[in-house]
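Chemist: For reference, this is final13.pdb, and it has PDB, C-alpha atoms and all ligand atoms.
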ATOM      1  CA  MET A   1     146.080 143.398 152.674
ATOM      2  CA  THR A   2     149.304 141.379 152.854
ATOM      3  CA  SER A   3     150.236 139.614 149.632
ATOM      4  CA  SER A   4     150.769 136.211 151.330
ATOM      5  CA  ILE A   5     147.159 136.112 152.536
ATOM      6  CA  SER A   6     145.671 137.225 149.225
ATOM      7  CA  LYS A   7     147.469 134.370 147.451
ATOM      8  CA  GLN A   8     145.025 132.039 149.214
ATOM      9  CA  VAL A   9     141.997 130.945 147.216
ATOM     10  CA  ILE A  10     138.755 131.764 149.017
ATOM     11  CA  GLY A  11     135.766 129.618 148.148
ATOM     12  CA  PHE A  12     132.197 130.452 149.075
ATOM     13  CA  ILE A  13     129.526 127.766 149.304
ATOM     14  CA  GLY A  14     126.331 129.697 148.539
ATOM     15  CA  ALA A  15     126.299 132.864 146.441
ATOM     16  CA  GLY A  16     123.572 134.750 148.322
ATOM     17  CA  ASN A  17     123.541 138.186 149.913
ATOM     18  CA  MET A  18     126.214 137.690 152.541
ATOM     19  CA  ALA A  19     128.627 135.793 150.259
ATOM     20  CA  ARG A  20     128.349 138.510 147.616
ATOM     21  CA  SER A  21     128.941 141.261 150.169
ATOM     22  CA  MET A  22     131.986 139.509 151.559
ATOM     23  CA  ALA A  23     133.358 138.845 148.080
ATOM     24  CA  SER A  24     132.832 142.447 147.006
ATOM     25  CA  GLY A  25     134.459 143.696 150.239
ATOM     26  CA  LEU A  26     137.463 141.487 149.501
ATOM     27  CA  ILE A  27     137.674 142.737 145.905
ATOM     28  CA  ALA A  28     137.480 146.350 147.155
ATOM     29  CA  ASN A  29     140.399 145.468 149.464
ATOM     30  CA  ASP A  30     142.478 144.247 146.490
ATOM     31  CA  TRP A  31     141.944 140.507 146.910
ATOM     32  CA  PRO A  32     142.662 139.154 143.384
ATOM     33  CA  LYS A  33     139.417 138.236 141.621
ATOM     34  CA  ASN A  34     140.908 135.007 140.295
ATOM     35  CA  ASN A  35     141.481 133.878 143.920
ATOM     36  CA  ILE A  36     137.763 134.107 144.707
ATOM     37  CA  LEU A  37     135.353 131.367 143.715
ATOM     38  CA  LEU A  38     131.695 130.788 144.579
ATOM     39  CA  SER A  39     129.220 127.958 144.095
ATOM     40  CA  ASP A  40     125.446 127.960 144.020
ATOM     41  CA  PRO A  41     123.034 125.367 142.620
ATOM     42  CA  ASP A  42     120.664 128.087 141.429
ATOM     43  CA  GLY A  43     121.369 129.321 137.877
ATOM     44  CA  ALA A  44     119.789 132.736 138.468
ATOM     45  CA  GLN A  45     121.847 133.267 141.630
ATOM     46  CA  ARG A  46     125.000 132.303 139.725
ATOM     47  CA  GLN A  47     124.237 134.717 136.922
ATOM     48  CA  GLY A  48     123.409 137.567 139.351
ATOM     49  CA  ALA A  49     126.567 136.996 141.396
ATOM     50  CA  GLN A  50     128.704 136.686 138.259
ATOM     51  CA  GLN A  51     127.390 140.010 136.934
ATOM     52  CA  ALA A  52     127.790 141.762 140.288
ATOM     53  CA  LEU A  53     131.271 140.477 141.092
ATOM     54  CA  GLY A  54     132.984 139.409 137.868
ATOM     55  CA  VAL A  55     134.407 136.288 139.537
ATOM     56  CA  GLU A  56     133.953 132.605 138.732
ATOM     57  CA  ILE A  57     130.742 131.023 140.036
ATOM     58  CA  VAL A  58     130.325 127.270 139.629
ATOM     59  CA  GLU A  59     127.388 124.924 140.118
ATOM     60  CA  LYS A  60     129.061 122.160 142.118
ATOM     61  CA  ASN A  61     130.095 122.801 145.713
ATOM     62  CA  ALA A  62     132.762 120.086 145.466
ATOM     63  CA  SER A  63     134.569 122.078 142.708
ATOM     64  CA  VAL A  64     134.981 124.967 145.153
ATOM     65  CA  VAL A  65     136.285 122.681 147.899
ATOM     66  CA  ASP A  66     138.800 121.178 145.453
ATOM     67  CA  ARG A  67     140.355 124.594 144.797
ATOM     68  CA  ALA A  68     139.900 126.634 147.995
ATOM     69  CA  ASN A  69     142.409 127.053 150.844
ATOM     70  CA  ILE A  70     139.779 128.925 152.841
ATOM     71  CA  LEU A  71     136.160 127.808 152.595
ATOM     72  CA  ILE A  72     133.317 130.073 153.636
ATOM     73  CA  LEU A  73     130.033 128.330 154.398
ATOM     74  CA  ALA A  74     127.425 130.917 153.398
ATOM     75  CA  VAL A  75     124.185 128.957 153.100
ATOM     76  CA  LYS A  76     121.170 129.212 155.399
ATOM     77  CA  PRO A  77     121.630 127.366 158.721
ATOM     78  CA  GLN A  78     118.906 124.828 157.907
ATOM     79  CA  MET A  79     120.822 123.807 154.735
ATOM     80  CA  LEU A  80     124.233 123.451 156.326
ATOM     81  CA  ALA A  81     124.162 119.814 157.534
ATOM     82  CA  GLU A  82     123.111 118.674 154.068
ATOM     83  CA  VAL A  83     125.781 120.817 152.354
ATOM     84  CA  VAL A  84     128.551 119.523 154.634
ATOM     85  CA  ALA A  85     127.440 115.904 154.061
ATOM     86  CA  GLU A  86     127.745 116.476 150.316
ATOM     87  CA  ILE A  87     131.335 117.804 150.471
ATOM     88  CA  VAL A  88     132.700 115.792 153.371
ATOM     89  CA  GLY A  89     135.009 113.702 151.103
ATOM     90  CA  PRO A  90     136.842 116.569 149.329
ATOM     91  CA  LEU A  91     136.939 118.488 152.628
ATOM     92  CA  ALA A  92     138.869 115.666 154.298
ATOM     93  CA  GLU A  93     141.372 115.627 151.418
ATOM     94  CA  LYS A  94     141.973 119.396 151.323
ATOM     95  CA  ASN A  95     141.526 120.298 155.028
ATOM     96  CA  PRO A  96     140.875 124.025 154.345
ATOM     97  CA  LEU A  97     140.196 126.610 157.005
ATOM     98  CA  ILE A  98     136.400 126.630 157.362
ATOM     99  CA  ILE A  99     134.690 129.925 158.097
ATOM    100  CA  SER A 100     131.015 129.480 158.906
ATOM    101  CA  ILE A 101     128.681 132.468 158.876
ATOM    102  CA  ALA A 102     125.569 130.350 159.487
ATOM    103  CA  ALA A 103     123.713 131.814 162.456
ATOM    104  CA  GLY A 104     123.481 129.439 165.392
ATOM    105  CA  ILE A 105     125.490 126.456 164.090
ATOM    106  CA  GLN A 106     128.139 125.583 166.663
ATOM    107  CA  THR A 107     131.691 124.630 165.737
ATOM    108  CA  ASN A 108     131.282 121.253 167.524
ATOM    109  CA  ASP A 109     128.315 120.418 165.310
ATOM    110  CA  LEU A 110     130.315 121.283 162.195
ATOM    111  CA  VAL A 111     133.257 119.189 163.399
ATOM    112  CA  ARG A 112     130.887 116.287 164.149
ATOM    113  CA  TRP A 113     129.315 116.539 160.680
ATOM    114  CA  MET A 114     132.781 116.546 159.089
ATOM    115  CA  GLY A 115     133.863 113.601 161.227
ATOM    116  CA  ARG A 116     137.329 115.005 161.944
ATOM    117  CA  GLN A 117     139.133 117.726 163.870
ATOM    118  CA  ALA A 118     138.744 120.478 161.279
ATOM    119  CA  PRO A 119     139.868 124.087 161.792
ATOM    120  CA  VAL A 120     136.681 126.164 162.063
ATOM    121  CA  VAL A 121     136.138 129.858 162.674
ATOM    122  CA  ARG A 122     132.511 130.691 163.412
ATOM    123  CA  VAL A 123     131.443 134.200 162.587
ATOM    124  CA  MET A 124     128.342 136.200 163.435
ATOM    125  CA  PRO A 125     128.067 139.097 160.964
ATOM    126  CA  ASN A 126     125.144 141.511 160.697
ATOM    127  CA  THR A 127     123.119 143.079 157.904
ATOM    128  CA  PRO A 128     125.105 146.362 157.577
ATOM    129  CA  ALA A 129     127.938 144.090 156.373
ATOM    130  CA  LEU A 130     125.987 144.201 153.111
ATOM    131  CA  ILE A 131     127.143 147.823 152.744
ATOM    132  CA  GLY A 132     130.596 147.345 154.281
ATOM    133  CA  SER A 133     129.582 148.606 157.748
ATOM    134  CA  GLY A 134     129.250 145.300 159.545
ATOM    135  CA  ALA A 135     129.983 144.503 163.171
ATOM    136  CA  CYS A 136     130.978 140.903 163.502
ATOM    137  CA  GLY A 137     131.810 138.461 166.318
ATOM    138  CA  LEU A 138     134.321 135.644 165.754
ATOM    139  CA  PHE A 139     135.220 132.440 167.562
ATOM    140  CA  ALA A 140     137.962 129.985 166.542
ATOM    141  CA  ASN A 141     137.921 126.332 167.591
ATOM    142  CA  GLU A 142     140.990 124.646 169.067
ATOM    143  CA  HIS A 143     142.042 123.156 165.719
ATOM    144  CA  THR A 144     142.826 126.540 164.127
ATOM    145  CA  THR A 145     146.322 127.981 163.913
ATOM    146  CA  ARG A 146     147.239 131.599 164.673
ATOM    147  CA  GLU A 147     147.766 132.177 160.959
ATOM    148  CA  GLN A 148     144.262 130.876 160.189
ATOM    149  CA  ARG A 149     142.744 133.183 162.811
ATOM    150  CA  GLU A 150     144.582 136.091 161.181
ATOM    151  CA  GLN A 151     143.240 135.036 157.799
ATOM    152  CA  ALA A 152     139.675 134.960 159.148
ATOM    153  CA  GLU A 153     140.208 138.390 160.713
ATOM    154  CA  THR A 154     141.484 139.852 157.414
ATOM    155  CA  ILE A 155     138.513 138.449 155.516
ATOM    156  CA  MET A 156     135.872 139.684 157.953
ATOM    157  CA  ARG A 157     137.464 143.126 158.213
ATOM    158  CA  ALA A 158     136.712 143.578 154.524
ATOM    159  CA  ILE A 159     133.059 144.087 155.542
ATOM    160  CA  GLY A 160     133.317 145.806 158.918
ATOM    161  CA  VAL A 161     134.705 145.714 162.448
ATOM    162  CA  THR A 162     135.497 142.487 164.302
ATOM    163  CA  VAL A 163     135.432 141.295 167.909
ATOM    164  CA  TRP A 164     136.895 137.920 168.965
ATOM    165  CA  VAL A 165     135.474 135.836 171.794
ATOM    166  CA  LYS A 166     137.232 132.973 173.599
ATOM    167  CA  ASP A 167     133.994 131.344 174.734
ATOM    168  CA  GLU A 168     131.680 130.293 171.903
ATOM    169  CA  ALA A 169     128.595 130.790 174.098
ATOM    170  CA  LEU A 170     129.272 134.537 173.912
ATOM    171  CA  LEU A 171     128.347 134.410 170.217
ATOM    172  CA  ASP A 172     124.706 133.997 171.355
ATOM    173  CA  ILE A 173     124.966 137.365 173.121
ATOM    174  CA  ILE A 174     126.682 138.893 170.082
ATOM    175  CA  THR A 175     123.860 137.510 167.928
ATOM    176  CA  ALA A 176     121.395 139.268 170.250
ATOM    177  CA  LEU A 177     123.420 142.502 170.336
ATOM    178  CA  SER A 178     124.917 143.231 166.913
ATOM    179  CA  GLY A 179     123.340 140.402 164.885
ATOM    180  CA  SER A 180     119.773 141.438 165.661
ATOM    181  CA  GLY A 181     120.745 144.959 166.760
ATOM    182  CA  PRO A 182     120.226 146.767 163.441
ATOM    183  CA  ALA A 183     116.510 145.973 163.775
ATOM    184  CA  TYR A 184     116.370 147.561 167.247
ATOM    185  CA  PHE A 185     117.837 150.819 165.947
ATOM    186  CA  LEU A 186     115.542 150.719 162.912
ATOM    187  CA  LEU A 187     112.592 150.260 165.278
ATOM    188  CA  VAL A 188     113.697 153.289 167.305
ATOM    189  CA  MET A 189     113.997 155.303 164.069
ATOM    190  CA  GLU A 190     110.562 154.095 162.998
ATOM    191  CA  VAL A 191     108.856 155.146 166.238
ATOM    192  CA  MET A 192     110.726 158.472 166.448
ATOM    193  CA  GLU A 193     109.715 159.353 162.910
ATOM    194  CA  SER A 194     106.092 158.417 163.453
ATOM    195  CA  ALA A 195     105.953 160.342 166.758
ATOM    196  CA  ALA A 196     107.226 163.463 164.969
ATOM    197  CA  ILE A 197     104.636 163.018 162.201
ATOM    198  CA  LYS A 198     101.860 162.584 164.785
ATOM    199  CA  ALA A 199     103.084 165.779 166.451
ATOM    200  CA  GLY A 200     102.665 167.660 163.144
ATOM    201  CA  LEU A 201     105.922 167.435 161.139
ATOM    202  CA  ASP A 202     105.774 166.328 157.489
ATOM    203  CA  GLN A 203     106.940 162.779 156.696
ATOM    204  CA  LYS A 204     109.900 163.713 154.470
ATOM    205  CA  SER A 205     111.400 166.071 157.039
ATOM    206  CA  ALA A 206     110.723 163.625 159.893
ATOM    207  CA  ARG A 207     112.513 160.814 158.000
ATOM    208  CA  LEU A 208     115.564 162.887 157.068
ATOM    209  CA  LEU A 209     115.988 164.393 160.525
ATOM    210  CA  THR A 210     115.525 161.022 162.261
ATOM    211  CA  LEU A 211     118.065 159.193 160.081
ATOM    212  CA  GLU A 212     120.689 161.941 160.183
ATOM    213  CA  THR A 213     120.266 162.209 163.954
ATOM    214  CA  ALA A 214     120.839 158.453 164.343
ATOM    215  CA  LEU A 215     123.916 158.604 162.120
ATOM    216  CA  GLY A 216     125.250 161.728 163.835
ATOM    217  CA  ALA A 217     124.798 160.252 167.327
ATOM    218  CA  ALA A 218     126.587 157.027 166.306
ATOM    219  CA  LYS A 219     129.449 158.977 164.669
ATOM    220  CA  MET A 220     129.777 161.249 167.678
ATOM    221  CA  ALA A 221     129.922 158.246 170.041
ATOM    222  CA  LEU A 222     132.474 156.469 167.826
ATOM    223  CA  GLU A 223     134.727 159.503 167.505
ATOM    224  CA  SER A 224     134.606 160.480 171.175
ATOM    225  CA  SER A 225     136.789 159.076 173.921
ATOM    226  CA  GLU A 226     133.869 159.552 176.365
ATOM    227  CA  ASP A 227     131.386 156.752 176.907
ATOM    228  CA  PRO A 228     127.817 157.203 175.569
ATOM    229  CA  ALA A 229     126.374 157.850 179.053
ATOM    230  CA  LYS A 230     128.771 160.813 179.576
ATOM    231  CA  LEU A 231     128.098 162.155 176.090
ATOM    232  CA  ARG A 232     124.369 161.994 176.774
ATOM    233  CA  HIS A 233     124.806 163.979 179.971
ATOM    234  CA  HIS A 234     126.748 166.627 178.004
ATOM    235  CA  VAL A 235     123.806 167.099 175.647
ATOM    236  CA  THR A 236     121.143 167.029 178.396
ATOM    237  CA  SER A 237     120.837 170.439 180.039
ATOM    238  CA  PRO A 238     119.033 170.525 183.392
ATOM    239  CA  GLY A 239     115.434 171.598 182.892
ATOM    240  CA  GLY A 240     115.774 171.377 179.104
ATOM    241  CA  THR A 241     113.916 169.551 176.344
ATOM    242  CA  THR A 242     116.201 166.497 176.173
ATOM    243  CA  GLU A 243     115.864 165.935 179.914
ATOM    244  CA  ALA A 244     112.058 166.064 179.620
ATOM    245  CA  ALA A 245     112.116 163.354 176.950
ATOM    246  CA  VAL A 246     114.735 161.135 178.613
ATOM    247  CA  LYS A 247     112.712 161.191 181.871
ATOM    248  CA  ILE A 248     109.765 159.683 180.009
ATOM    249  CA  LEU A 249     111.985 156.959 178.469
ATOM    250  CA  GLU A 250     113.428 156.156 181.898
ATOM    251  CA  GLN A 251     109.981 156.054 183.515
ATOM    252  CA  GLY A 252     109.051 153.564 180.781
ATOM    253  CA  LYS A 253     112.015 151.476 181.998
ATOM    254  CA  ILE A 254     113.939 151.528 178.729
ATOM    255  CA  ASP A 255     116.909 149.773 180.402
ATOM    256  CA  GLN A 256     114.803 146.808 181.570
ATOM    257  CA  LEU A 257     113.068 146.662 178.218
ATOM    258  CA  PHE A 258     116.378 146.364 176.346
ATOM    259  CA  SER A 259     117.724 143.912 178.880
ATOM    260  CA  SER A 260     114.668 141.669 178.379
ATOM    261  CA  ALA A 261     114.948 142.045 174.597
ATOM    262  CA  ILE A 262     118.639 141.045 174.528
ATOM    263  CA  ASN A 263     117.956 138.119 176.888
ATOM    264  CA  ALA A 264     115.066 136.911 174.710
ATOM    265  CA  ALA A 265     117.215 137.062 171.556
ATOM    266  CA  THR A 266     120.108 135.274 173.332
ATOM    267  CA  ALA A 267     117.752 132.483 174.455
ATOM    268  CA  ARG A 268     116.312 132.176 170.941
ATOM    269  CA  SER A 269     119.821 131.959 169.474
ATOM    270  CA  LYS A 270     120.549 129.000 171.788
ATOM    271  CA  GLU A 271     117.243 127.340 170.854
ATOM    272  CA  LEU A 272     117.952 127.716 167.128
ATOM    273  CA  ALA A 273     121.410 126.186 167.637
ATOM    274  CA  GLU A 274     119.676 123.165 169.199
ATOM    275  CA  ILE A 275     117.184 122.884 166.341
ATOM    276  CA  PHE A 276     119.614 123.294 163.411
ATOM    277  CA  GLY A 277     122.756 121.873 164.952
ATOM    278  CA  LYS A 278     121.584 118.568 166.397
ATOM    279  CA  LYS A 279     120.884 116.875 163.075
TER     280      LYS A 279
HETATM  281  N1  LIG A 301     122.168 138.406 155.745
HETATM  282  C1  LIG A 301     122.600 138.726 156.970
HETATM  283  O1  LIG A 301     122.544 139.859 157.413
HETATM  284  C2  LIG A 301     123.221 137.679 157.866
HETATM  285  C3  LIG A 301     123.640 138.048 159.143
HETATM  286  C4  LIG A 301     124.247 137.087 159.956
HETATM  287  C5  LIG A 301     124.420 135.794 159.491
HETATM  288  N2  LIG A 301     123.986 135.471 158.241
HETATM  289  C6  LIG A 301     124.152 134.090 157.811
HETATM  290  O2  LIG A 301     124.705 134.056 156.529
HETATM  291  C7  LIG A 301     124.236 132.913 155.839
HETATM  292  C8  LIG A 301     123.797 133.350 154.464
HETATM  293  O3  LIG A 301     122.770 134.316 154.594
HETATM  294  P1  LIG A 301     122.279 135.169 153.349
HETATM  295  O4  LIG A 301     121.452 136.265 153.867
HETATM  296  O5  LIG A 301     123.428 135.446 152.455
HETATM  297  O6  LIG A 301     121.316 134.058 152.669
HETATM  298  P2  LIG A 301     120.924 133.875 151.150
HETATM  299  O7  LIG A 301     120.940 135.175 150.431
HETATM  300  O8  LIG A 301     119.681 133.032 151.107
HETATM  301  O9  LIG A 301     122.158 133.006 150.582
HETATM  302  C9  LIG A 301     122.284 131.625 150.686
HETATM  303  C10 LIG A 301     122.641 131.096 149.306
HETATM  304  O10 LIG A 301     122.956 129.725 149.391
HETATM  305  C11 LIG A 301     122.357 129.069 148.289
HETATM  306  N3  LIG A 301     122.193 127.643 148.538
HETATM  307  C12 LIG A 301     121.103 126.957 148.972
HETATM  308  N4  LIG A 301     121.370 125.648 149.020
HETATM  309  C13 LIG A 301     122.656 125.489 148.615
HETATM  310  C14 LIG A 301     123.493 124.359 148.444
HETATM  311  N5  LIG A 301     123.074 123.133 148.706
HETATM  312  N6  LIG A 301     124.764 124.574 148.014
HETATM  313  C15 LIG A 301     125.211 125.816 147.756
HETATM  314  N7  LIG A 301     124.454 126.916 147.893
HETATM  315  C16 LIG A 301     123.191 126.757 148.304
HETATM  316  C17 LIG A 301     121.042 129.780 148.164
HETATM  317  O11 LIG A 301     120.447 129.495 146.918
HETATM  318  P3  LIG A 301     118.832 129.563 146.820
HETATM  319  O12 LIG A 301     118.472 130.996 146.884
HETATM  320  O13 LIG A 301     118.566 128.941 145.497
HETATM  321  O14 LIG A 301     118.271 128.762 147.963
HETATM  322  C18 LIG A 301     121.491 131.222 148.309
HETATM  323  O15 LIG A 301     121.987 131.723 147.092
HETATM  324  C19 LIG A 301     123.114 132.320 156.672
HETATM  325  O16 LIG A 301     123.554 131.122 157.288
HETATM  326  C20 LIG A 301     122.815 133.361 157.709
HETATM  327  O17 LIG A 301     122.491 132.762 158.951
HETATM  328  C21 LIG A 301     123.384 136.372 157.419
END
Go ahead and express the file in the form of structure tokens.
Ligand SMILES: NC(=O)c1ccc[n+]([C@@H]2O[C@H](COP(=O)([O-])OP(=O)(O)OC[C@H]3O[C@@H](n4cnc5c(N)ncnc54)[C@H](OP(=O)(O)O)[C@@H]3O)[C@@H](O)[C@H]2O)c1
Modeler:
Amino acid sequence: MTSSISKQVIGFIGAGNMARSMASGLIANDWPKNNILLSDPDGAQRQGAQQALGVEIVEKNASVVDRANILILAVKPQMLAEVVAEIVGPLAEKNPLIISIAAGIQTNDLVRWMGRQAPVVRVMPNTPALIGSGACGLFANEHTTREQREQAETIMRAIGVTVWVKDEALLDIITALSGSGPAYFLLVMEVMESAAIKAGLDQKSARLLTLETALGAAKMALESSEDPAKLRHHVTSPGGTTEAAVKILEQGKIDQLFSSAINAATARSKELAEIFGKK
């Protein structure tokens, strides 16, 4: 991490799961602890975050805004309009870079709530970010500078890989792909494990073999220069066991099933943006 970036004070509004993961990723990447500050109205959350991170956690959101150069909005989407209304005064004075991780809230809605042309980077992280293996989409509005986009990139890379989009609407697809995606893979693991148990394998072995196979396949695909389709063909011998299984999955129209699933999640992401953003 470059020293000029880590001199910035990062403030988190909300000290929940995602804020704590991001803060601990930053600390692991040598961001100075005294340049990280969180706020949360809940005493128990403050105490838990303080113990986990060893950084300052305050009660009042406005105290964070007063001190932060970069402000991360890490409350639930349904709380965000209210939170922004509460800090709109100090925000106007400080004009920090705003990074919003709230699912579905569009940058235009945030700008409208703030009543001015604020620099906003909207981010869609996913749950594996909680263990530093996130995959996150980012979009910057037209009021951000190149330096601010680099700052957002540095921060999000502390908890995983990043992909930028130029069109904010693509964040709905990213929400459907990597945002909701961990659940799809967990579902596949769940059904593979239970199929093996039904076929006669013991639960412990079925679990271990399923999880290690998922991890191994992902690692293999990440480390290879070949695309997943080619890799799959390499491991599918004609007339073999893998081919027998894949034929069944294809007959069940796995491609159409996933296409419908991603489309449904994309549509729901847009609907939620309407519900939470149009306050
Ligand atoms: N977790 C994920 O995998 C994930 C993935 C993608 C996006 N996100 C987004 O990340 C955001 C945070 O999610 P999360 O899982 O970290 O949620 P979370 O654990 O519930 O954290 C939100 C925190 O904000 C606090 N809070 C509530 N009202 C507040 C207020 N007025 N001022 C300051 N803090 C307040 C909450 O306190 P209380 O508990 O007392 O309400 C809680 O500690 C959400 O917008 C979500 O859409 C999360």
Chemist: Enclose range 239-243 of chain A, meaning all of its atoms listed in the file, in a box aligned along x, y and z, pad it by 4 Å on each side, and list the centre and edge lengths in Å to one decimal, as lines of an AutoDock Vina configuration file.
Modeler:
center_x = 115.1
center_y = 168.8
center_z = 179.5
size_x = 10.3
size_y = 13.7
size_z = 14.7
Chemist: Would you mind listing what lies within 8 Å of Pro41 in chain A as a ChimeraX atom specification, with all atoms listed in the file counted and same-chain residues fewer than 4 positions away left out?
Modeler: /A:46,59-60
Chemist: Given the PyMOL selection byres (((chain A and resi 85-95) around 9) and not hetatm) and the file above, list the residues it selects as an MDAnalysis selection string.
Modeler: chainID A and resid 61:63 65:69 80:84 96:98 113:116 118:119
Chemist: Do a neighbour search on range 169-185 of chain A at 6 Å with only C-alpha atoms, toss out local chain neighbours closer than 4 positions, and write the hits as a PyMOL selection string.
Modeler: chain A and resi 126+262+265-266+269
Chemist: Please write the residues from the selection above to a file, keeping C-alpha atoms, as a short mmCIF file (atom, residue, chain, number, x, y, z; two decimals), in the frame of the given file.
Modeler:
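Once written, part_13.cif looks like this:
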data_model
loop_
_atom_site.label_atom_id
_atom_site.label_comp_id
_atom_site.auth_asym_id
_atom_site.auth_seq_id
_atom_site.Cartn_x
_atom_site.Cartn_y
_atom_site.Cartn_z
CA ASN A 126 125.14 141.51 160.70
CA ILE A 262 118.64 141.04 174.53
CA ALA A 265 117.22 137.06 171.56
CA THR A 266 120.11 135.27 173.33
CA SER A 269 119.82 131.96 169.47
#
Chemist: For the file shown, what are the residues hit by the PyMOL selection byres (((chain A and resi 99) around 8) and not hetatm), laid out as a PyMOL selection string?
Modeler: chain A and resi 70-73+97-98+100-101+120-123+152
Chemist: Kindly export the residues of the current selection with C-alpha atoms, as a compact mmCIF listing (two decimals), in the coordinates of the input.
Modeler:
# COMPACT_ATOMS: atom_id res chain seq x y z
CA ILE A 70 139.78 128.93 152.84
CA LEU A 71 136.16 127.81 152.60
CA ILE A 72 133.32 130.07 153.64
CA LEU A 73 130.03 128.33 154.40
CA LEU A 97 140.20 126.61 157.00
CA ILE A 98 136.40 126.63 157.36
CA SER A 100 131.01 129.48 158.91
CA ILE A 101 128.68 132.47 158.88
CA VAL A 120 136.68 126.16 162.06
CA VAL A 121 136.14 129.86 162.67
CA ARG A 122 132.51 130.69 163.41
CA VAL A 123 131.44 134.20 162.59
CA ALA A 152 139.68 134.96 159.15
Chemist: For Ala102 in chain A, which of A:Ala158, A:Ile197, A:Ile36, A:Leu272 is the closest residue, counting all atoms listed in the file?
Modeler: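 Of A:Ala158, A:Ile197, A:Ile36, A:Leu272, the one nearest Ala102 in chain A, counting all atoms listed in the file, is A:Leu272.
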Chemist: For ligand LIG 301 (chain A), which residue out of A:Val9, A:Cys136, A:Leu110, A:Leu209 is the nearest one, using only C-alpha atoms and all ligand atoms?
Modeler: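 The answer is A:Cys136, which sits nearest to ligand LIG 301 (chain A).
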Chemist: As an exercise, work out the distance from CA of Gly200 in chain A to CA of Ile254 in chain A in Å and give it to one decimal place.
Modeler: 25.1 Å
Chemist: Between A:Gly16, A:Gly137, A:Gly104, A:Gly11, single out the one closest to Ala49 in chain A, counting only C-alpha atoms.
Modeler: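 Result for the nearest residue to Ala49 in chain A: A:Gly16.
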Chemist: With N, CA and C atoms as the target, complete range 56-68 of chain A and hand it back as a short mmCIF file (atom, residue, chain, number, x, y, z; two decimals), in the frame of the given file.
Modeler:
data_model
loop_
_atom_site.label_atom_id
_atom_site.label_comp_id
_atom_site.auth_asym_id
_atom_site.auth_seq_id
_atom_site.Cartn_x
_atom_site.Cartn_y
_atom_site.Cartn_z
N GLU A 56 134.50 133.88 139.20
CA GLU A 56 133.95 132.60 138.73
C GLU A 56 132.92 132.05 139.72
N ILE A 57 131.77 131.64 139.19
CA ILE A 57 130.74 131.02 140.04
C ILE A 57 130.42 129.67 139.40
N VAL A 58 130.55 128.61 140.18
CA VAL A 58 130.32 127.27 139.63
C VAL A 58 129.08 126.65 140.26
N GLU A 59 128.62 125.56 139.63
CA GLU A 59 127.39 124.92 140.12
C GLU A 59 127.68 123.96 141.27
N LYS A 60 128.79 123.24 141.16
CA LYS A 60 129.06 122.16 142.12
C LYS A 60 129.89 122.65 143.31
N ASN A 61 129.37 122.40 144.50
CA ASN A 61 130.10 122.80 145.71
C ASN A 61 131.46 122.11 145.80
N ALA A 62 131.51 120.84 145.36
CA ALA A 62 132.76 120.09 145.47
C ALA A 62 133.88 120.74 144.64
N SER A 63 133.53 121.42 143.53
CA SER A 63 134.57 122.08 142.71
C SER A 63 135.21 123.21 143.50
N VAL A 64 134.42 123.88 144.33
CA VAL A 64 134.98 124.97 145.15
C VAL A 64 135.92 124.37 146.20
N VAL A 65 135.46 123.30 146.85
CA VAL A 65 136.28 122.68 147.90
C VAL A 65 137.62 122.21 147.31
N ASP A 66 137.58 121.67 146.09
CA ASP A 66 138.80 121.18 145.45
C ASP A 66 139.85 122.28 145.29
N ARG A 67 139.40 123.51 145.12
CA ARG A 67 140.35 124.59 144.80
C ARG A 67 140.62 125.58 145.93
N ALA A 68 139.78 125.57 146.97
CA ALA A 68 139.90 126.63 148.00
C ALA A 68 140.84 126.26 149.15
#
